[in-house]
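Heads up, the thing below is written out as C-alpha cells.
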Amino acid sequence: MEINIEEFDQVAREVFAPIYPVIAEQIKQKTGITRGTCLDAGCGGGYLGIALAGITELFIYLFDKSPEMLEIAARNIAAHGLQQRARTLRGDIHEIPLKDQSVDLVISRGSVFFWENQQRAFQEIYRVLAPQGAAFIGGGFGNAELKKLIDARMAQKDRNWQERINKNIGKNAVEIFVKTIEAAGISKFEIDKGEAGLWILIWK
C-alpha cells in the first residue's frame with residue numbers, strides 16, 4: 001500500500017500526538033517491562049517508541065521498512081536526545097533482522113493492519129522475543145475519550161476513516177486474530193477490544 005509519507009507523518013505527529021504517552025504508560029503497566037531491548041515495529045516516525053523511552057530504561061529499536069519514515073524517526077531520536085538509547089532499524093516485519101530471543105518487548109500501533117502475512121509476522125515477533133518477553137500490538141487509541149477526539153478529527157480529513165476502522169477492528173476482528181495467532185503457534189496471548197480500540201498482548 002502506497003502512502004504519502006509527509007501526510008502520514010503529519011497526521012501521526014499532530015492528530016495522534018495525545019495518544020502516545022497514554023499508550024506508553026499502558027504498555028509499561030500491562031507488561032511490567034522497563035529494562036532491556038524494545039522493538040517498535042512499523043514505527044513510522046517513532047512516536048510510540050520514543051514515548052516509551054521517556055518513562056522506562058529500555059533501549060528502543062525504531063523498526064520500519066520505509067527509509068523515509070526512518071529518516072523522520074532518526075530526527076525525532078535526536079530531537080529528544082535519545083541517541084544513546086534508541087536507533088533506527090530497517091527491515092520487513094516478515095523477516096526481522098534480529099537474533100532469536102534478543103528482544104524483551106515488541107510494541108506496534110497501527111502497523112498490524114498493513115502486514116501482508118499476519119501469521120508470518122506474528123511468528124517472527126515470537127521468534128525474536130526473549131523468554132519472559134512480551135508483545136503489545138494493535139490499534140488502540142489510549143482511552144475512549146481520545147478515540148472520540150481522533151475519530152472526529154480524522155473524519156474531517158478522510159471520508160473513509162470510519163469504514164477503515166470498522167474493517168480493522170470491527171466485530172470479527174477478535175475471532176480473526178485468535179485464529180491467526182494460534183496458527184502462528186502462539187498459545188499465551190490475550191486480546192482486549194473495547195471502546196478505546198484493540199490490543200493484542202503476547203507473552204513468551
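Identifiers for the C-alpha cells are assigned positionally: chains receive A, B, ... in sequence, residues are indexed from 1 per chain, and ligands are indexed from 1 in the order shown.
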
- Item | Near-Gly138 of chain A list (9 Å; only C-alpha atoms; drop same-chain fewer than 4 positions) as an MDAnalysis selection string | chainID A and resid 107:113 197:201

Since we have the selection now, will you write its residues out, keeping N, CA and C atoms, as an mmCIF file, in the first residue's frame?
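Result file out_20.cif:
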```cif
data_model
loop_
_atom_site.group_PDB
_atom_site.id
_atom_site.type_symbol
_atom_site.label_atom_id
_atom_site.label_comp_id
_atom_site.auth_asym_id
_atom_site.auth_seq_id
_atom_site.Cartn_x
_atom_site.Cartn_y
_atom_site.Cartn_z
ATOM 1 N N ILE A 107 6.541 -3.699 20.517
ATOM 2 C CA ILE A 107 5.351 -2.861 20.506
ATOM 3 C C ILE A 107 5.039 -2.487 19.063
ATOM 4 N N SER A 108 3.777 -2.262 18.799
ATOM 5 C CA SER A 108 3.392 -1.847 17.458
ATOM 6 C C SER A 108 1.983 -1.296 17.502
ATOM 7 N N ARG A 109 1.833 -0.056 17.055
ATOM 8 C CA ARG A 109 0.497 0.518 16.992
ATOM 9 C C ARG A 109 0.157 0.882 15.541
ATOM 10 N N GLY A 110 -0.861 0.216 15.009
ATOM 11 C CA GLY A 110 -1.358 0.551 13.682
ATOM 12 C C GLY A 110 -0.782 -0.264 12.542
ATOM 13 N N SER A 111 0.429 -0.771 12.681
ATOM 14 C CA SER A 111 1.074 -1.417 11.534
ATOM 15 C C SER A 111 0.523 -2.809 11.238
ATOM 16 N N VAL A 112 -0.063 -3.471 12.224
ATOM 17 C CA VAL A 112 -0.555 -4.836 12.045
ATOM 18 C C VAL A 112 -1.544 -4.927 10.884
ATOM 19 N N PHE A 113 -2.265 -3.854 10.643
ATOM 20 C CA PHE A 113 -3.283 -3.859 9.595
ATOM 21 C C PHE A 113 -2.681 -3.735 8.193
ATOM 22 N N GLY A 197 -10.350 0.794 21.366
ATOM 23 C CA GLY A 197 -9.672 0.117 20.274
ATOM 24 C C GLY A 197 -9.359 -1.332 20.600
ATOM 25 N N LEU A 198 -8.330 -1.856 19.969
ATOM 26 C CA LEU A 198 -7.996 -3.280 20.111
ATOM 27 C C LEU A 198 -6.497 -3.444 20.343
ATOM 28 N N TRP A 199 -6.173 -4.286 21.355
ATOM 29 C CA TRP A 199 -4.770 -4.607 21.633
ATOM 30 C C TRP A 199 -4.597 -6.102 21.780
ATOM 31 N N ILE A 200 -3.493 -6.594 21.276
ATOM 32 C CA ILE A 200 -3.087 -7.991 21.435
ATOM 33 C C ILE A 200 -1.878 -8.024 22.342
ATOM 34 N N LEU A 201 -1.948 -8.797 23.412
ATOM 35 C CA LEU A 201 -0.826 -8.942 24.333
ATOM 36 C C LEU A 201 -0.342 -10.382 24.269
#
```

- as a count of residues only, which residues of segment 6-204 of chain A does DSSP assign to strand (DSSP E)? 46

- For Thr37 of chain A: contacts at 12 Å, only C-alpha atoms, fewer than 4 positions along chain excluded, given as a PyMOL selection string: chain A and resi 33+49+52-53+56-62+85-87+98+101-107+128-130+133-135

Can you spit out the residues from that selection as a PDB file, in the first residue's frame, using N, CA and C atoms?
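Once written, part10.pdb looks like this:
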```
ATOM      1  N   ILE A  33       7.547  -4.429  31.838  1.00  0.00           N
ATOM      2  CA  ILE A  33       8.903  -4.471  31.274  1.00  0.00           C
ATOM      3  C   ILE A  33       9.430  -3.050  31.107  1.00  0.00           C
ATOM      4  N   GLY A  49       7.520   4.551  20.397  1.00  0.00           N
ATOM      5  CA  GLY A  49       8.773   4.086  20.990  1.00  0.00           C
ATOM      6  C   GLY A  49       9.472   5.167  21.777  1.00  0.00           C
ATOM      7  N   LEU A  52       7.733   5.692  25.045  1.00  0.00           N
ATOM      8  CA  LEU A  52       8.060   4.625  25.996  1.00  0.00           C
ATOM      9  C   LEU A  52       9.472   4.797  26.552  1.00  0.00           C
ATOM     10  N   ALA A  53      10.388   5.251  25.720  1.00  0.00           N
ATOM     11  CA  ALA A  53      11.758   5.506  26.186  1.00  0.00           C
ATOM     12  C   ALA A  53      11.774   6.553  27.291  1.00  0.00           C
ATOM     13  N   THR A  56      10.801   4.677  30.680  1.00  0.00           N
ATOM     14  CA  THR A  56      11.466   3.417  31.029  1.00  0.00           C
ATOM     15  C   THR A  56      12.967   3.565  30.797  1.00  0.00           C
ATOM     16  N   GLU A  57      13.689   2.477  31.049  1.00  0.00           N
ATOM     17  CA  GLU A  57      15.120   2.440  30.747  1.00  0.00           C
ATOM     18  C   GLU A  57      15.403   1.570  29.523  1.00  0.00           C
ATOM     19  N   LEU A  58      14.375   1.267  28.754  1.00  0.00           N
ATOM     20  CA  LEU A  58      14.513   0.402  27.590  1.00  0.00           C
ATOM     21  C   LEU A  58      15.371   1.032  26.491  1.00  0.00           C
ATOM     22  N   PHE A  59      16.126   0.177  25.798  1.00  0.00           N
ATOM     23  CA  PHE A  59      16.774   0.594  24.560  1.00  0.00           C
ATOM     24  C   PHE A  59      15.791   0.284  23.439  1.00  0.00           C
ATOM     25  N   ILE A  60      15.521   1.264  22.590  1.00  0.00           N
ATOM     26  CA  ILE A  60      14.463   1.141  21.595  1.00  0.00           C
ATOM     27  C   ILE A  60      15.025   1.045  20.182  1.00  0.00           C
ATOM     28  N   TYR A  61      14.627  -0.011  19.473  1.00  0.00           N
ATOM     29  CA  TYR A  61      14.837  -0.077  18.029  1.00  0.00           C
ATOM     30  C   TYR A  61      13.582   0.471  17.353  1.00  0.00           C
ATOM     31  N   LEU A  62      13.727   1.528  16.571  1.00  0.00           N
ATOM     32  CA  LEU A  62      12.617   2.026  15.771  1.00  0.00           C
ATOM     33  C   LEU A  62      12.718   1.342  14.407  1.00  0.00           C
ATOM     34  N   ARG A  85      20.085   5.721  23.484  1.00  0.00           N
ATOM     35  CA  ARG A  85      19.074   4.738  23.910  1.00  0.00           C
ATOM     36  C   ARG A  85      18.100   4.350  22.814  1.00  0.00           C
ATOM     37  N   ALA A  86      18.346   4.804  21.610  1.00  0.00           N
ATOM     38  CA  ALA A  86      17.455   4.441  20.505  1.00  0.00           C
ATOM     39  C   ALA A  86      18.218   4.501  19.191  1.00  0.00           C
ATOM     40  N   ARG A  87      17.814   3.656  18.266  1.00  0.00           N
ATOM     41  CA  ARG A  87      18.392   3.686  16.923  1.00  0.00           C
ATOM     42  C   ARG A  87      17.348   3.169  15.933  1.00  0.00           C
ATOM     43  N   LEU A  98      16.920  -9.490  13.441  1.00  0.00           N
ATOM     44  CA  LEU A  98      17.450  -9.622  14.792  1.00  0.00           C
ATOM     45  C   LEU A  98      17.525 -11.104  15.163  1.00  0.00           C
ATOM     46  N   GLN A 101      15.278 -14.631  20.271  1.00  0.00           N
ATOM     47  CA  GLN A 101      15.214 -14.331  21.709  1.00  0.00           C
ATOM     48  C   GLN A 101      16.087 -13.139  22.109  1.00  0.00           C
ATOM     49  N   SER A 102      16.126 -12.122  21.256  1.00  0.00           N
ATOM     50  CA  SER A 102      17.010 -10.972  21.510  1.00  0.00           C
ATOM     51  C   SER A 102      16.281  -9.715  21.958  1.00  0.00           C
ATOM     52  N   VAL A 103      14.957  -9.790  22.039  1.00  0.00           N
ATOM     53  CA  VAL A 103      14.156  -8.601  22.349  1.00  0.00           C
ATOM     54  C   VAL A 103      13.245  -8.893  23.535  1.00  0.00           C
ATOM     55  N   ASP A 104      13.196  -7.981  24.485  1.00  0.00           N
ATOM     56  CA  ASP A 104      12.362  -8.173  25.670  1.00  0.00           C
ATOM     57  C   ASP A 104      10.924  -7.729  25.463  1.00  0.00           C
ATOM     58  N   LEU A 105      10.741  -6.756  24.576  1.00  0.00           N
ATOM     59  CA  LEU A 105       9.410  -6.192  24.366  1.00  0.00           C
ATOM     60  C   LEU A 105       9.262  -5.768  22.912  1.00  0.00           C
ATOM     61  N   VAL A 106       8.164  -6.196  22.294  1.00  0.00           N
ATOM     62  CA  VAL A 106       7.815  -5.716  20.957  1.00  0.00           C
ATOM     63  C   VAL A 106       6.535  -4.897  21.073  1.00  0.00           C
ATOM     64  N   ILE A 107       6.541  -3.699  20.517  1.00  0.00           N
ATOM     65  CA  ILE A 107       5.351  -2.861  20.506  1.00  0.00           C
ATOM     66  C   ILE A 107       5.039  -2.487  19.063  1.00  0.00           C
ATOM     67  N   VAL A 128      11.791 -13.489  17.922  1.00  0.00           N
ATOM     68  CA  VAL A 128      12.788 -12.563  18.481  1.00  0.00           C
ATOM     69  C   VAL A 128      12.541 -12.261  19.954  1.00  0.00           C
ATOM     70  N   LEU A 129      11.357 -12.615  20.471  1.00  0.00           N
ATOM     71  CA  LEU A 129      11.083 -12.356  21.887  1.00  0.00           C
ATOM     72  C   LEU A 129      11.923 -13.254  22.790  1.00  0.00           C
ATOM     73  N   ALA A 130      12.507 -12.656  23.805  1.00  0.00           N
ATOM     74  CA  ALA A 130      13.256 -13.404  24.805  1.00  0.00           C
ATOM     75  C   ALA A 130      12.283 -14.101  25.760  1.00  0.00           C
ATOM     76  N   GLY A 133       9.519 -12.421  27.755  1.00  0.00           N
ATOM     77  CA  GLY A 133       9.253 -11.202  26.998  1.00  0.00           C
ATOM     78  C   GLY A 133       7.777 -11.078  26.652  1.00  0.00           C
ATOM     79  N   ALA A 134       7.411  -9.918  26.103  1.00  0.00           N
ATOM     80  CA  ALA A 134       6.012  -9.662  25.767  1.00  0.00           C
ATOM     81  C   ALA A 134       5.919  -8.813  24.510  1.00  0.00           C
ATOM     82  N   ALA A 135       4.772  -8.926  23.866  1.00  0.00           N
ATOM     83  CA  ALA A 135       4.473  -8.063  22.718  1.00  0.00           C
ATOM     84  C   ALA A 135       3.136  -7.379  22.958  1.00  0.00           C
TER      85      ALA A 135
END
```

- Item | DSSP helix (DSSP H, G or I) residues within segment 143-186 of chain A, listed as a ChimeraX atom specification | /A:144-157,161-169,173-183

- Item | atom CA of Cys43 of chain A to atom CA of Pro97 of chain A, straight-line distance in Å |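 Those two atoms sit 15.0 Å apart.
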
- Message: Which residues are close to Asn166 of chain A, i.e. within 12 Å by only C-alpha atoms, leaving aside same-chain residues fewer than 5 positions away? Reply as a PyMOL selection string.
- Response: chain A and resi 113+139+151+160-161+171-173+197-198

Could you write out the selected residues, including C-alpha atoms, as a PDB file, in the first residue's frame?
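This is the output file selection33.pdb:
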```
ATOM      1  CA  PHE A 113      -3.283  -3.859   9.595  1.00  0.00           C
ATOM      2  CA  GLY A 139      -4.763  -0.329  17.054  1.00  0.00           C
ATOM      3  CA  ASP A 151     -12.334   9.894  15.144  1.00  0.00           C
ATOM      4  CA  ASN A 160     -13.378   6.626   4.562  1.00  0.00           C
ATOM      5  CA  TRP A 161     -11.958   6.797   8.095  1.00  0.00           C
ATOM      6  CA  LYS A 171     -16.978  -7.224  15.070  1.00  0.00           C
ATOM      7  CA  ASN A 172     -14.988 -10.123  13.562  1.00  0.00           C
ATOM      8  CA  ALA A 173     -11.522  -8.767  14.381  1.00  0.00           C
ATOM      9  CA  GLY A 197      -9.672   0.117  20.274  1.00  0.00           C
ATOM     10  CA  LEU A 198      -7.996  -3.280  20.111  1.00  0.00           C
TER      11      LEU A 198
END
```

- Query: Mind pulling up the distance from atom CA of Asp40 of chain A to atom CA of Thr180 of chain A?
  - Reply: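 Separating atom CA of Thr180 of chain A from atom CA of Asp40 of chain A is a distance of 20.8 Å.
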
- Ser66 of chain A proximity check over A:Arg35, A:Arg159, A:Arg90, A:Lys148, using only C-alpha atoms: winner is A:Arg90

- Name the closest residue to Ile150 of chain A among the candidates A:Asn117, A:Ala196, A:Pro21, A:Ile55; distances are taken between atoms, counting only C-alpha atoms.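 Comparing A:Asn117, A:Ala196, A:Pro21, A:Ile55 against Ile150 of chain A, the winner is A:Ala196.
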
- Message: At a cut-off of 9 Å, using only C-alpha atoms, what residues contact Val22 of chain A? Leave out same-chain residues fewer than 5 positions from it and give the result as a list in words.
- Response: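 Close residues of Val22 of chain A: Ile27, Ala51, Phe141, Gly142 and Asn143 of chain A.
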
Write to file, as a tab-separated table (two decimals), in the first residue's frame, the residues of the selection just made, with N, CA and C atoms.
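To be explicit, this is the file written out as again_0.tsv:
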```
chain	number	residue	atom	x	y	z
A	27	ILE	N	1.38	0.27	28.19
A	27	ILE	CA	2.34	-0.80	27.90
A	27	ILE	C	3.20	-1.09	29.13
A	51	ALA	N	8.02	7.76	23.20
A	51	ALA	CA	7.24	7.99	24.42
A	51	ALA	C	7.56	6.94	25.47
A	141	PHE	N	-6.36	3.50	20.97
A	141	PHE	CA	-6.28	4.96	20.96
A	141	PHE	C	-6.04	5.55	22.35
A	142	GLY	N	-5.69	4.71	23.31
A	142	GLY	CA	-5.40	5.21	24.66
A	142	GLY	C	-6.59	5.09	25.59
A	143	ASN	N	-7.66	5.78	25.26
A	143	ASN	CA	-8.91	5.67	26.01
A	143	ASN	C	-10.06	6.11	25.12
```

Counting only C-alpha atoms, which residues of segment 136-198 of chain A sit at most 9 Å from some atom of segment 119-127 of chain A, and what is each one's closest atom pair with its distance in Å to one decimal, listed by chain and rising residue number, as JSON lines?
```
{"residue": "A:Thr180", "atom": "CA", "partner": "A:Gln119", "partner_atom": "CA", "distance": 5.5}
{"residue": "A:Ile181", "atom": "CA", "partner": "A:Gln119", "partner_atom": "CA", "distance": 6.4}
{"residue": "A:Glu182", "atom": "CA", "partner": "A:Gln119", "partner_atom": "CA", "distance": 8.7}
{"residue": "A:Ala183", "atom": "CA", "partner": "A:Gln119", "partner_atom": "CA", "distance": 6.8}
{"residue": "A:Ala184", "atom": "CA", "partner": "A:Gln119", "partner_atom": "CA", "distance": 5.3}
{"residue": "A:Gly185", "atom": "CA", "partner": "A:Gln123", "partner_atom": "CA", "distance": 7.4}
{"residue": "A:Ile186", "atom": "CA", "partner": "A:Tyr126", "partner_atom": "CA", "distance": 7.6}
```

Select from segment 53-153 of chain A every residue with an atom at most 8 Å from any atom of segment 4-17 of chain A, then for each give the shortest pair of atoms and their distance in Å to one decimal, using only C-alpha atoms, rows by chain and rising number, as a Markdown table.
```
| residue | atom | partner | partner_atom | distance |
| --- | --- | --- | --- | --- |
| A:Glu68 | CA | A:Ile5 | CA | 7.1 |
| A:Met69 | CA | A:Ile5 | CA | 6.9 |
| A:Ile150 | CA | A:Val15 | CA | 6.6 |
| A:Arg153 | CA | A:Val15 | CA | 7.1 |
```
